[in-house]
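Structure file work_30.cif; described as mmCIF, C-alpha atoms (C1' of nucleotides); chains and numbers go by the auth columns.
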data_input
loop_
_atom_site.group_PDB
_atom_site.id
_atom_site.type_symbol
_atom_site.label_atom_id
_atom_site.label_comp_id
_atom_site.label_asym_id
_atom_site.label_seq_id
_atom_site.Cartn_x
_atom_site.Cartn_y
_atom_site.Cartn_z
_atom_site.B_iso_or_equiv
_atom_site.auth_seq_id
_atom_site.auth_asym_id
ATOM 1 C CA MET A 1 15.196 9.964 -10.252 0.00 1 A
ATOM 2 C CA ILE A 2 18.121 8.678 -8.156 0.00 2 A
ATOM 3 C CA VAL A 3 17.994 4.929 -8.734 0.00 3 A
ATOM 4 C CA ILE A 4 19.926 2.805 -6.299 0.00 4 A
ATOM 5 C CA ALA A 5 18.662 -0.787 -6.656 0.00 5 A
ATOM 6 C CA LYS A 6 15.619 -2.642 -5.474 0.00 6 A
ATOM 7 C CA ASN A 7 15.987 -4.452 -2.197 0.00 7 A
ATOM 8 C CA LEU A 8 14.491 -7.799 -3.080 0.00 8 A
ATOM 9 C CA ARG A 9 15.905 -9.364 0.058 0.00 9 A
ATOM 10 C CA ILE A 10 13.507 -7.387 2.220 0.00 10 A
ATOM 11 C CA LYS A 11 10.650 -8.324 -0.079 0.00 11 A
ATOM 12 C CA ALA A 12 11.601 -12.005 0.146 0.00 12 A
ATOM 13 C CA ALA A 13 12.013 -11.991 3.931 0.00 13 A
ATOM 14 C CA ARG A 14 8.690 -10.231 4.219 0.00 14 A
ATOM 15 C CA ALA A 15 7.011 -12.813 1.972 0.00 15 A
ATOM 16 C CA ALA A 16 8.530 -15.594 4.068 0.00 16 A
ATOM 17 C CA MET A 17 6.727 -14.169 7.087 0.00 17 A
ATOM 18 C CA ASP A 18 3.560 -13.440 5.109 0.00 18 A
ATOM 19 C CA MET A 19 3.710 -9.742 5.936 0.00 19 A
ATOM 20 C CA SER A 20 2.424 -6.903 3.794 0.00 20 A
ATOM 21 C CA GLN A 21 4.420 -3.700 3.380 0.00 21 A
ATOM 22 C CA LYS A 22 1.838 -2.059 5.601 0.00 22 A
ATOM 23 C CA ALA A 23 2.245 -4.655 8.354 0.00 23 A
ATOM 24 C CA LEU A 24 6.027 -4.400 8.267 0.00 24 A
ATOM 25 C CA ALA A 25 5.872 -0.618 8.256 0.00 25 A
ATOM 26 C CA GLU A 26 3.662 -0.629 11.343 0.00 26 A
ATOM 27 C CA ALA A 27 5.785 -3.201 13.149 0.00 27 A
ATOM 28 C CA VAL A 28 8.794 -1.041 12.468 0.00 28 A
ATOM 29 C CA GLY A 29 7.158 2.267 13.297 0.00 29 A
ATOM 30 C CA VAL A 30 7.388 3.926 9.913 0.00 30 A
ATOM 31 C CA SER A 31 4.971 4.879 7.148 0.00 31 A
ATOM 32 C CA ARG A 32 3.955 2.428 4.471 0.00 32 A
ATOM 33 C CA GLN A 33 5.363 4.731 1.808 0.00 33 A
ATOM 34 C CA THR A 34 8.730 4.734 3.500 0.00 34 A
ATOM 35 C CA MET A 35 8.888 0.931 3.508 0.00 35 A
ATOM 36 C CA ASN A 36 7.850 0.893 -0.124 0.00 36 A
ATOM 37 C CA ALA A 37 10.480 3.465 -1.048 0.00 37 A
ATOM 38 C CA ILE A 38 13.173 1.432 0.693 0.00 38 A
ATOM 39 C CA GLU A 39 12.217 -1.736 -1.165 0.00 39 A
ATOM 40 C CA GLN A 40 12.143 0.254 -4.389 0.00 40 A
ATOM 41 C CA GLY A 41 15.574 1.672 -3.638 0.00 41 A
ATOM 42 C CA ASP A 42 14.319 5.229 -3.740 0.00 42 A
ATOM 43 C CA TYR A 43 16.357 6.393 -0.784 0.00 43 A
ATOM 44 C CA ASN A 44 18.717 5.342 1.964 0.00 44 A
ATOM 45 C CA PRO A 45 17.233 4.602 5.363 0.00 45 A
ATOM 46 C CA THR A 46 19.038 5.363 8.597 0.00 46 A
ATOM 47 C CA ILE A 47 20.873 2.554 10.363 0.00 47 A
ATOM 48 C CA LYS A 48 18.337 2.728 13.182 0.00 48 A
ATOM 49 C CA LEU A 49 15.513 1.936 10.785 0.00 49 A
ATOM 50 C CA CYS A 50 17.548 -0.823 9.133 0.00 50 A
ATOM 51 C CA ARG A 51 18.072 -2.423 12.529 0.00 51 A
ATOM 52 C CA ALA A 52 14.364 -2.266 13.291 0.00 52 A
ATOM 53 C CA ILE A 53 13.566 -3.955 9.975 0.00 53 A
ATOM 54 C CA CYS A 54 16.143 -6.661 10.657 0.00 54 A
ATOM 55 C CA ARG A 55 14.724 -7.332 14.099 0.00 55 A
ATOM 56 C CA VAL A 56 11.181 -7.743 12.817 0.00 56 A
ATOM 57 C CA LEU A 57 12.219 -9.953 9.905 0.00 57 A
ATOM 58 C CA GLY A 58 14.675 -12.006 11.961 0.00 58 A
ATOM 59 C CA LYS A 59 17.635 -11.135 9.772 0.00 59 A
ATOM 60 C CA THR A 60 20.963 -9.392 10.299 0.00 60 A
ATOM 61 C CA LEU A 61 22.215 -6.192 8.702 0.00 61 A
ATOM 62 C CA ASP A 62 24.595 -8.150 6.499 0.00 62 A
ATOM 63 C CA GLU A 63 21.769 -10.362 5.265 0.00 63 A
ATOM 64 C CA LEU A 64 19.450 -7.527 4.299 0.00 64 A
ATOM 65 C CA PHE A 65 21.583 -4.463 3.680 0.00 65 A
ATOM 66 C CA TRP A 66 25.121 -5.405 2.782 0.00 66 A
ATOM 67 C CA GLU A 67 26.351 -4.579 -0.703 0.00 67 A
ATOM 68 C CA ASP A 68 23.651 -5.063 -3.223 0.00 68 A
ATOM 69 C CA ASP A 69 23.329 -1.450 -4.170 0.00 69 A
ATOM 70 C CA GLU A 70 26.839 -0.302 -4.725 0.00 70 A
ATOM 71 C CA HIS A 71 26.152 1.591 -7.927 0.00 71 A
ATOM 72 C CA GLU A 72 24.659 4.462 -5.999 0.00 72 A
ATOM 73 C CA GLU A 73 24.244 8.123 -6.938 0.00 73 A
ATOM 74 C CA MET B 1 20.449 15.593 24.020 0.00 1 D
ATOM 75 C CA ILE B 2 19.490 12.293 22.359 0.00 2 D
ATOM 76 C CA VAL B 3 22.114 9.860 23.655 0.00 3 D
ATOM 77 C CA ILE B 4 22.317 6.589 21.798 0.00 4 D
ATOM 78 C CA ALA B 5 25.609 4.908 22.742 0.00 5 D
ATOM 79 C CA LYS B 6 29.202 5.434 21.769 0.00 6 D
ATOM 80 C CA ASN B 7 30.398 3.306 18.898 0.00 7 D
ATOM 81 C CA LEU B 8 33.686 2.053 20.263 0.00 8 D
ATOM 82 C CA ARG B 9 33.932 -0.545 17.523 0.00 9 D
ATOM 83 C CA ILE B 10 34.520 2.119 14.911 0.00 10 D
ATOM 84 C CA LYS B 11 37.077 3.758 17.167 0.00 11 D
ATOM 85 C CA ALA B 12 38.880 0.435 17.639 0.00 12 D
ATOM 86 C CA ALA B 13 38.833 -0.477 13.941 0.00 13 D
ATOM 87 C CA ARG B 14 40.110 2.987 13.150 0.00 14 D
ATOM 88 C CA ALA B 15 42.923 2.644 15.682 0.00 15 D
ATOM 89 C CA ALA B 16 43.822 -0.732 14.212 0.00 16 D
ATOM 90 C CA MET B 17 44.413 1.005 10.883 0.00 17 D
ATOM 91 C CA ASP B 18 46.107 3.978 12.501 0.00 18 D
ATOM 92 C CA MET B 19 43.609 6.413 11.059 0.00 19 D
ATOM 93 C CA SER B 20 42.482 9.689 12.598 0.00 20 D
ATOM 94 C CA GLN B 21 38.830 10.706 12.592 0.00 21 D
ATOM 95 C CA LYS B 22 39.785 13.254 9.969 0.00 22 D
ATOM 96 C CA ALA B 23 41.430 10.644 7.737 0.00 23 D
ATOM 97 C CA LEU B 24 38.464 8.296 8.007 0.00 24 D
ATOM 98 C CA ALA B 25 36.043 11.129 7.351 0.00 25 D
ATOM 99 C CA GLU B 26 37.904 12.088 4.183 0.00 26 D
ATOM 100 C CA ALA B 27 38.193 8.483 2.994 0.00 27 D
ATOM 101 C CA VAL B 28 34.485 8.127 3.466 0.00 28 D
ATOM 102 C CA GLY B 29 33.522 11.493 1.989 0.00 29 D
ATOM 103 C CA VAL B 30 31.998 13.080 5.034 0.00 30 D
ATOM 104 C CA SER B 31 32.945 15.882 7.437 0.00 31 D
ATOM 105 C CA ARG B 32 35.164 15.265 10.447 0.00 32 D
ATOM 106 C CA GLN B 33 32.384 16.458 12.738 0.00 33 D
ATOM 107 C CA THR B 34 30.012 13.892 11.297 0.00 34 D
ATOM 108 C CA MET B 35 32.448 11.040 11.954 0.00 35 D
ATOM 109 C CA ASN B 36 32.995 12.316 15.454 0.00 36 D
ATOM 110 C CA ALA B 37 29.255 12.567 16.099 0.00 37 D
ATOM 111 C CA ILE B 38 28.736 9.003 14.892 0.00 38 D
ATOM 112 C CA GLU B 39 31.431 7.652 17.206 0.00 39 D
ATOM 113 C CA GLN B 40 29.938 9.683 20.030 0.00 40 D
ATOM 114 C CA GLY B 41 26.507 8.284 19.236 0.00 41 D
ATOM 115 C CA ASP B 42 25.034 11.706 18.621 0.00 42 D
ATOM 116 C CA TYR B 43 22.995 10.647 15.633 0.00 43 D
ATOM 117 C CA ASN B 44 22.159 7.808 13.292 0.00 44 D
ATOM 118 C CA PRO B 45 24.001 7.684 9.992 0.00 45 D
ATOM 119 C CA THR B 46 22.363 6.483 6.798 0.00 46 D
ATOM 120 C CA ILE B 47 23.009 2.920 5.652 0.00 47 D
ATOM 121 C CA LYS B 48 24.941 4.294 2.706 0.00 48 D
ATOM 122 C CA LEU B 49 27.396 6.032 5.017 0.00 49 D
ATOM 123 C CA CYS B 50 27.639 2.957 7.235 0.00 50 D
ATOM 124 C CA ARG B 51 28.579 0.873 4.199 0.00 51 D
ATOM 125 C CA ALA B 52 31.248 3.374 3.207 0.00 52 D
ATOM 126 C CA ILE B 53 32.733 3.248 6.699 0.00 53 D
ATOM 127 C CA CYS B 54 32.717 -0.555 6.647 0.00 54 D
ATOM 128 C CA ARG B 55 34.450 -0.663 3.283 0.00 55 D
ATOM 129 C CA VAL B 56 37.243 1.659 4.413 0.00 56 D
ATOM 130 C CA LEU B 57 37.763 -0.147 7.711 0.00 57 D
ATOM 131 C CA GLY B 58 37.487 -3.624 6.199 0.00 58 D
ATOM 132 C CA LYS B 59 34.553 -4.649 8.365 0.00 59 D
ATOM 133 C CA THR B 60 30.969 -5.723 7.756 0.00 60 D
ATOM 134 C CA LEU B 61 27.792 -3.987 8.875 0.00 61 D
ATOM 135 C CA ASP B 62 27.204 -6.625 11.520 0.00 62 D
ATOM 136 C CA GLU B 63 30.686 -6.117 12.920 0.00 63 D
ATOM 137 C CA LEU B 64 30.421 -2.350 13.253 0.00 64 D
ATOM 138 C CA PHE B 65 26.746 -1.488 13.460 0.00 65 D
ATOM 139 C CA TRP B 66 24.739 -4.397 14.745 0.00 66 D
ATOM 140 C CA GLU B 67 23.023 -4.042 18.119 0.00 67 D
ATOM 141 C CA ASP B 68 25.168 -2.153 20.499 0.00 68 D
ATOM 142 C CA ASP B 69 22.906 0.809 20.783 0.00 69 D
ATOM 143 C CA GLU B 70 19.510 -0.636 21.258 0.00 70 D
ATOM 144 C CA HIS B 71 18.469 1.671 24.052 0.00 71 D
ATOM 145 C CA GLU B 72 17.791 4.437 21.588 0.00 72 D
ATOM 146 C CA GLU B 73 15.542 7.487 21.849 0.00 73 D
ATOM 147 C "C1'" DA C 1 57.173 24.653 27.849 0.00 1 K
ATOM 148 C "C1'" DA C 2 56.132 25.108 22.886 0.00 2 K
ATOM 149 C "C1'" DT C 3 54.115 23.460 18.838 0.00 3 K
ATOM 150 C "C1'" DA C 4 51.290 20.551 16.264 0.00 4 K
ATOM 151 C "C1'" DT C 5 47.832 17.080 15.710 0.00 5 K
ATOM 152 C "C1'" DC C 6 43.692 14.875 17.364 0.00 6 K
ATOM 153 C "C1'" DT C 7 39.362 14.992 19.585 0.00 7 K
ATOM 154 C "C1'" DG C 8 34.956 16.869 21.490 0.00 8 K
ATOM 155 C "C1'" DT C 9 31.451 20.287 20.927 0.00 9 K
ATOM 156 C "C1'" DC C 10 28.374 24.232 19.435 0.00 10 K
ATOM 157 C "C1'" DA C 11 25.588 27.244 16.382 0.00 11 K
ATOM 158 C "C1'" DA C 12 23.614 28.277 11.863 0.00 12 K
ATOM 159 C "C1'" DG C 13 22.744 26.710 7.479 0.00 13 K
ATOM 160 C "C1'" DT C 14 21.737 23.070 3.710 0.00 14 K
ATOM 161 C "C1'" DA C 15 20.424 18.517 2.047 0.00 15 K
ATOM 162 C "C1'" DT C 16 17.659 14.784 2.438 0.00 16 K
ATOM 163 C "C1'" DA C 17 14.972 11.122 5.093 0.00 17 K
ATOM 164 C "C1'" DT C 18 10.255 10.550 6.528 0.00 18 K
ATOM 165 C "C1'" DT C 19 5.161 11.889 6.962 0.00 19 K
ATOM 166 C "C1'" DT C 20 0.692 12.840 5.346 0.00 20 K
ATOM 167 C "C1'" DT C 21 -2.843 12.923 1.920 0.00 21 K
ATOM 168 C "C1'" DA C 22 -4.324 11.181 -2.084 0.00 22 K
ATOM 169 C "C1'" DC C 23 -4.638 8.798 -6.431 0.00 23 K
ATOM 170 C "C1'" DT C 24 -3.634 4.802 -9.799 0.00 24 K
ATOM 171 C "C1'" DT C 25 -2.319 0.189 -10.846 0.00 25 K
ATOM 172 C "C1'" DT C 26 -1.524 -4.874 -9.544 0.00 26 K
ATOM 173 C "C1'" DT C 27 -2.588 -8.861 -7.185 0.00 27 K
ATOM 174 C "C1'" DT C 28 -5.486 -11.956 -4.904 0.00 28 K
ATOM 175 C "C1'" DG C 29 -9.727 -14.414 -3.427 0.00 29 K
ATOM 176 C "C1'" DC C 30 -14.346 -15.323 -4.365 0.00 30 K
ATOM 177 C "C1'" DG D 1 -15.431 -10.647 -13.825 0.00 1 M
ATOM 178 C "C1'" DC D 2 -15.697 -8.127 -9.251 0.00 2 M
ATOM 179 C "C1'" DA D 3 -14.312 -6.413 -4.981 0.00 3 M
ATOM 180 C "C1'" DA D 4 -10.861 -5.788 -1.680 0.00 4 M
ATOM 181 C "C1'" DA D 5 -6.413 -5.640 -0.318 0.00 5 M
ATOM 182 C "C1'" DA D 6 -1.669 -4.745 -1.613 0.00 6 M
ATOM 183 C "C1'" DA D 7 1.688 -2.262 -4.009 0.00 7 M
ATOM 184 C "C1'" DG D 8 3.625 1.755 -6.668 0.00 8 M
ATOM 185 C "C1'" DT D 9 3.930 6.744 -7.119 0.00 9 M
ATOM 186 C "C1'" DA D 10 3.696 11.957 -6.283 0.00 10 M
ATOM 187 C "C1'" DA D 11 3.539 16.648 -4.071 0.00 11 M
ATOM 188 C "C1'" DA D 12 3.953 19.492 0.020 0.00 12 M
ATOM 189 C "C1'" DA D 13 5.340 19.753 4.766 0.00 13 M
ATOM 190 C "C1'" DT D 14 8.350 18.403 8.689 0.00 14 M
ATOM 191 C "C1'" DA D 15 12.262 16.188 11.117 0.00 15 M
ATOM 192 C "C1'" DT D 16 16.767 15.282 11.137 0.00 16 M
ATOM 193 C "C1'" DA D 17 21.340 13.925 8.888 0.00 17 M
ATOM 194 C "C1'" DC D 18 25.189 16.403 7.427 0.00 18 M
ATOM 195 C "C1'" DT D 19 28.212 20.804 6.396 0.00 19 M
ATOM 196 C "C1'" DT D 20 30.945 24.698 7.487 0.00 20 M
ATOM 197 C "C1'" DG D 21 33.472 27.495 10.580 0.00 21 M
ATOM 198 C "C1'" DA D 22 35.219 28.156 14.828 0.00 22 M
ATOM 199 C "C1'" DC D 23 36.970 27.289 19.439 0.00 23 M
ATOM 200 C "C1'" DA D 24 38.791 24.589 23.741 0.00 24 M
ATOM 201 C "C1'" DG D 25 40.769 20.593 25.914 0.00 25 M
ATOM 202 C "C1'" DA D 26 43.550 16.574 25.287 0.00 26 M
ATOM 203 C "C1'" DT D 27 47.683 13.971 23.519 0.00 27 M
ATOM 204 C "C1'" DA D 28 51.721 13.611 21.617 0.00 28 M
ATOM 205 C "C1'" DT D 29 56.500 14.966 19.985 0.00 29 M
ATOM 206 C "C1'" DT D 30 60.622 17.803 20.326 0.00 30 M
#

Translate the structure described by the file into structure tokens.
Amino acid sequence: MIVIAKNLRIKAARAAMDMSQKALAEAVGVSRQTMNAIEQGDYNPTIKLCRAICRVLGKTLDELFWEDDEHEE
Amino acid sequence: MIVIAKNLRIKAARAAMDMSQKALAEAVGVSRQTMNAIEQGDYNPTIKLCRAICRVLGKTLDELFWEDDEHEE
DNA sequence: AATATCTGTCAAGTATATTTTACTTTTTGC
DNA sequence: GCAAAAAGTAAAATATACTTGACAGATATT
């Protein structure tokens, strides 16, 4: 099951721009399921994908991906 | 060949702590070759690995991994 | 110059991120 | 309440991150 921690910061930033998971996924060049899995904390994206998400949402890596899921494994 | 861009910031932070690639790799729980490849820009690490590197080197994601290699592909 | 450590690189294998298809459940607007 | 869009989830296939082992060139240090 590999729980990491939900990324509510992405969800919030997405809501602030009125974007659906699908819209964000397309803007970022990834499947909708992948975006969903990332928000759900189901697996770790690559830094390249994280950067793309940050760019679209107008946030930095620290704002979206720094230490909220440190109880990994 | 997939060139992304060397990550000289990791190299510098590592030098500042007088750590070899091997030492950093071990501290971070990854192979020496993987650390080398990341510094060489040979592939994109996962965000989990990036966080581990940041923790060991006392830097944030933005400091080490934000936009230096945006000419990807 | 000799030895040791550090770095760059390659090939073959393993682990896991990501895709695609598809189905169910929630949310939202009318 | 109904319909449509949005969100959560799963299995099988593919792409790629990461490992292991091994070797060569570079950089000390003596």

Who sits within 10 Å of K:DT16, all atoms listed in the file, same chain under 6 positions skipped, as a tab-separated table (two decimals) with C-alpha atoms (C1' of nucleotides), in the frame of the given file:
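Output below, filename selection30.tsv:
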chain	number	residue	atom	x	y	z
A	43	TYR	CA	16.36	6.39	-0.78
A	44	ASN	CA	18.72	5.34	1.96
M	16	DT	C1'	16.77	15.28	11.14
M	17	DA	C1'	21.34	13.92	8.89
M	18	DC	C1'	25.19	16.40	7.43

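Selection result for the displayed file, with the PyMOL selection byres ((chain M) within 9 of (chain A)) as criterion, is DA6, DA7, DG8 and DA17 of chain M.
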
Exercise for review: Give the answer as one residue: which of M:DA10, M:DA5, M:DA26, M:DT19 has the shortest atom-to-atom distance to K:DA15, using all atoms listed in the file?
Suggested key: M:DT19

Hey, could you lay chain A over chain D with a least-squares C-alpha fit (all atoms, paired in order) and save it as a PDB file with C-alpha atoms, keeping the file's coordinate frame?
ATOM      1  CA  MET A   1      20.678  15.563  24.240  1.00  0.00           C
ATOM      2  CA  ILE A   2      19.548  12.311  22.581  1.00  0.00           C
ATOM      3  CA  VAL A   3      22.123   9.801  23.796  1.00  0.00           C
ATOM      4  CA  ILE A   4      22.313   6.560  21.890  1.00  0.00           C
ATOM      5  CA  ALA A   5      25.635   4.892  22.792  1.00  0.00           C
ATOM      6  CA  LYS A   6      29.211   5.413  21.772  1.00  0.00           C
ATOM      7  CA  ASN A   7      30.403   3.311  18.889  1.00  0.00           C
ATOM      8  CA  LEU A   8      33.691   2.065  20.252  1.00  0.00           C
ATOM      9  CA  ARG A   9      33.939  -0.544  17.526  1.00  0.00           C
ATOM     10  CA  ILE A  10      34.533   2.129  14.912  1.00  0.00           C
ATOM     11  CA  LYS A  11      37.094   3.772  17.163  1.00  0.00           C
ATOM     12  CA  ALA A  12      38.890   0.448  17.642  1.00  0.00           C
ATOM     13  CA  ALA A  13      38.860  -0.460  13.944  1.00  0.00           C
ATOM     14  CA  ARG A  14      40.141   2.998  13.154  1.00  0.00           C
ATOM     15  CA  ALA A  15      42.946   2.656  15.712  1.00  0.00           C
ATOM     16  CA  ALA A  16      43.858  -0.721  14.230  1.00  0.00           C
ATOM     17  CA  MET A  17      44.450   1.009  10.905  1.00  0.00           C
ATOM     18  CA  ASP A  18      46.141   4.004  12.531  1.00  0.00           C
ATOM     19  CA  MET A  19      43.603   6.420  11.082  1.00  0.00           C
ATOM     20  CA  SER A  20      42.477   9.689  12.614  1.00  0.00           C
ATOM     21  CA  GLN A  21      38.822  10.713  12.581  1.00  0.00           C
ATOM     22  CA  LYS A  22      39.782  13.259   9.956  1.00  0.00           C
ATOM     23  CA  ALA A  23      41.436  10.654   7.729  1.00  0.00           C
ATOM     24  CA  LEU A  24      38.476   8.300   7.997  1.00  0.00           C
ATOM     25  CA  ALA A  25      36.042  11.124   7.338  1.00  0.00           C
ATOM     26  CA  GLU A  26      37.906  12.085   4.173  1.00  0.00           C
ATOM     27  CA  ALA A  27      38.211   8.500   2.975  1.00  0.00           C
ATOM     28  CA  VAL A  28      34.492   8.137   3.448  1.00  0.00           C
ATOM     29  CA  GLY A  29      33.530  11.477   1.957  1.00  0.00           C
ATOM     30  CA  VAL A  30      31.991  13.086   5.007  1.00  0.00           C
ATOM     31  CA  SER A  31      32.921  15.868   7.413  1.00  0.00           C
ATOM     32  CA  ARG A  32      35.119  15.245  10.411  1.00  0.00           C
ATOM     33  CA  GLN A  33      32.334  16.400  12.710  1.00  0.00           C
ATOM     34  CA  THR A  34      29.982  13.844  11.249  1.00  0.00           C
ATOM     35  CA  MET A  35      32.427  11.004  11.915  1.00  0.00           C
ATOM     36  CA  ASN A  36      32.945  12.291  15.429  1.00  0.00           C
ATOM     37  CA  ALA A  37      29.209  12.520  16.046  1.00  0.00           C
ATOM     38  CA  ILE A  38      28.727   8.948  14.852  1.00  0.00           C
ATOM     39  CA  GLU A  39      31.425   7.631  17.174  1.00  0.00           C
ATOM     40  CA  GLN A  40      29.899   9.656  19.990  1.00  0.00           C
ATOM     41  CA  GLY A  41      26.476   8.233  19.211  1.00  0.00           C
ATOM     42  CA  ASP A  42      24.997  11.652  18.615  1.00  0.00           C
ATOM     43  CA  TYR A  43      22.935  10.614  15.629  1.00  0.00           C
ATOM     44  CA  ASN A  44      22.111   7.802  13.254  1.00  0.00           C
ATOM     45  CA  PRO A  45      23.955   7.697   9.953  1.00  0.00           C
ATOM     46  CA  THR A  46      22.356   6.480   6.750  1.00  0.00           C
ATOM     47  CA  ILE A  47      23.029   2.925   5.616  1.00  0.00           C
ATOM     48  CA  LYS A  48      24.988   4.285   2.662  1.00  0.00           C
ATOM     49  CA  LEU A  49      27.420   6.026   4.986  1.00  0.00           C
ATOM     50  CA  CYS A  50      27.657   2.950   7.214  1.00  0.00           C
ATOM     51  CA  ARG A  51      28.602   0.873   4.188  1.00  0.00           C
ATOM     52  CA  ALA A  52      31.281   3.359   3.188  1.00  0.00           C
ATOM     53  CA  ILE A  53      32.758   3.244   6.694  1.00  0.00           C
ATOM     54  CA  CYS A  54      32.735  -0.554   6.652  1.00  0.00           C
ATOM     55  CA  ARG A  55      34.487  -0.660   3.301  1.00  0.00           C
ATOM     56  CA  VAL A  56      37.275   1.652   4.419  1.00  0.00           C
ATOM     57  CA  LEU A  57      37.782  -0.144   7.730  1.00  0.00           C
ATOM     58  CA  GLY A  58      37.511  -3.624   6.215  1.00  0.00           C
ATOM     59  CA  LYS A  59      34.584  -4.625   8.393  1.00  0.00           C
ATOM     60  CA  THR A  60      31.001  -5.708   7.771  1.00  0.00           C
ATOM     61  CA  LEU A  61      27.807  -3.983   8.856  1.00  0.00           C
ATOM     62  CA  ASP A  62      27.210  -6.624  11.507  1.00  0.00           C
ATOM     63  CA  GLU A  63      30.686  -6.098  12.936  1.00  0.00           C
ATOM     64  CA  LEU A  64      30.411  -2.333  13.250  1.00  0.00           C
ATOM     65  CA  PHE A  65      26.733  -1.466  13.452  1.00  0.00           C
ATOM     66  CA  TRP A  66      24.697  -4.379  14.712  1.00  0.00           C
ATOM     67  CA  GLU A  67      22.976  -4.026  18.067  1.00  0.00           C
ATOM     68  CA  ASP A  68      25.100  -2.126  20.465  1.00  0.00           C
ATOM     69  CA  ASP A  69      22.834   0.847  20.746  1.00  0.00           C
ATOM     70  CA  GLU A  70      19.438  -0.603  21.302  1.00  0.00           C
ATOM     71  CA  HIS A  71      18.429   1.762  24.077  1.00  0.00           C
ATOM     72  CA  GLU A  72      17.739   4.506  21.591  1.00  0.00           C
ATOM     73  CA  GLU A  73      15.509   7.575  21.849  1.00  0.00           C
TER      74      GLU A  73
END

**Study point:** All residues 12 Å or closer to D:Lys59, all atoms listed in the file, same chain fewer than 5 positions away omitted, as a ChimeraX atom specification
**Key:** /A:62,66 /D:9-10,12-14,16-17,50-54,64-66

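Distances here use all atoms listed in the file; by that measure, the residue among K:DC6, K:DC30, K:DA1, K:DA12 closest to chain D is K:DC6.
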
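Relative to atom CA of D:Ala25, atom CA of A:Glu39 is found at 28.4 Å.
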
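Look at K:DT21: the protein and nucleic acid residues within 10 Å of it, using all atoms listed in the file and passing over chain neighbours fewer than 2 places away, are DT19 and DC23 of chain K; DA11 and DA12 of chain M.
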
Exercise for review: Residues of chain K near chain D: apply a cut-off of 9 Å, count only C-alpha atoms (C1' of nucleotides), and supply the list as a PyMOL selection string.
Suggested key: chain K and resi 6-8+17

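Note that the spacing between atom CA of D:Gly29 and atom C1' of M:DG21 amounts to 18.2 Å.
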
Practice item. Excluding M:DC23 and any residue of its chain fewer than 3 positions from it, enumerate the residues within 12 Å of it, using only C-alpha atoms (C1' of nucleotides), and give them as a VMD selection string. Key: chain K and resid 8 to 11
